[in-house]
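Trainee: Before we start, here is the structure in question, set down as structure tokens.
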Amino acid sequence: MYRSIFAAIALIAVTDVALQLDNAVAISSVASTVPASYRLPVLAGGVLLAAVCLLLFTLVGSLLIERLQWLKPVAGAVLVLIGAKLAIEFFRP
């Protein structure tokens with residue numbers, strides 16, 4: 001049991017790190033447009049807001065997936081379609 005819990009936590013951590021890279025780029029690009037004296041508060045606010053949103057959306061998503069069993073395969077299919085669309089656009093000449 002503990003092994004599966006640690007495996008789930010590790011998978012979530014790896015996924016979270018991968019997904020947070022785009023947040024870091026977005027927050028940094030916005031912060032680069034403000035004066036240097038305001039940059040640190042903008043960066044800190046952006047990171048805190050992103051963390052709060054991640055927590056809230058994850059809680060809501062997990063509750064929805066738990067209550068609506070059909071939502072998980074539908075969400076998976078949507079992700080596959082988005083991935084296929086991105087791959088097709090990338091390899092199209």
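The way I read the labels, and the way they are meant: chains A, B, ... in the order of the structure tokens, residue 1 as the first residue of every chain, and ligand 1 as the first ligand shown, with later ones counted on from there.
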Do a neighbour search on segment 20-28 of chain A at 9 Å with only C-alpha atoms, toss out local chain neighbours closer than 2 positions, and write the hits as a PyMOL selection string.
Mentor: chain A and resi 15-18+30-33+42-43+46-47+50
Trainee: Please indicate the distance in Å from atom CA of Tyr2 of chain A to atom CA of Leu79 of chain A, rounded to one decimal place.
Mentor: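 A separation of 29.3 Å between them.
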Trainee: What is the atom CA of Leu64 of chain A-atom CA of Leu86 of chain A distance in Å, reported with one decimal?
Mentor: 26.6 Å
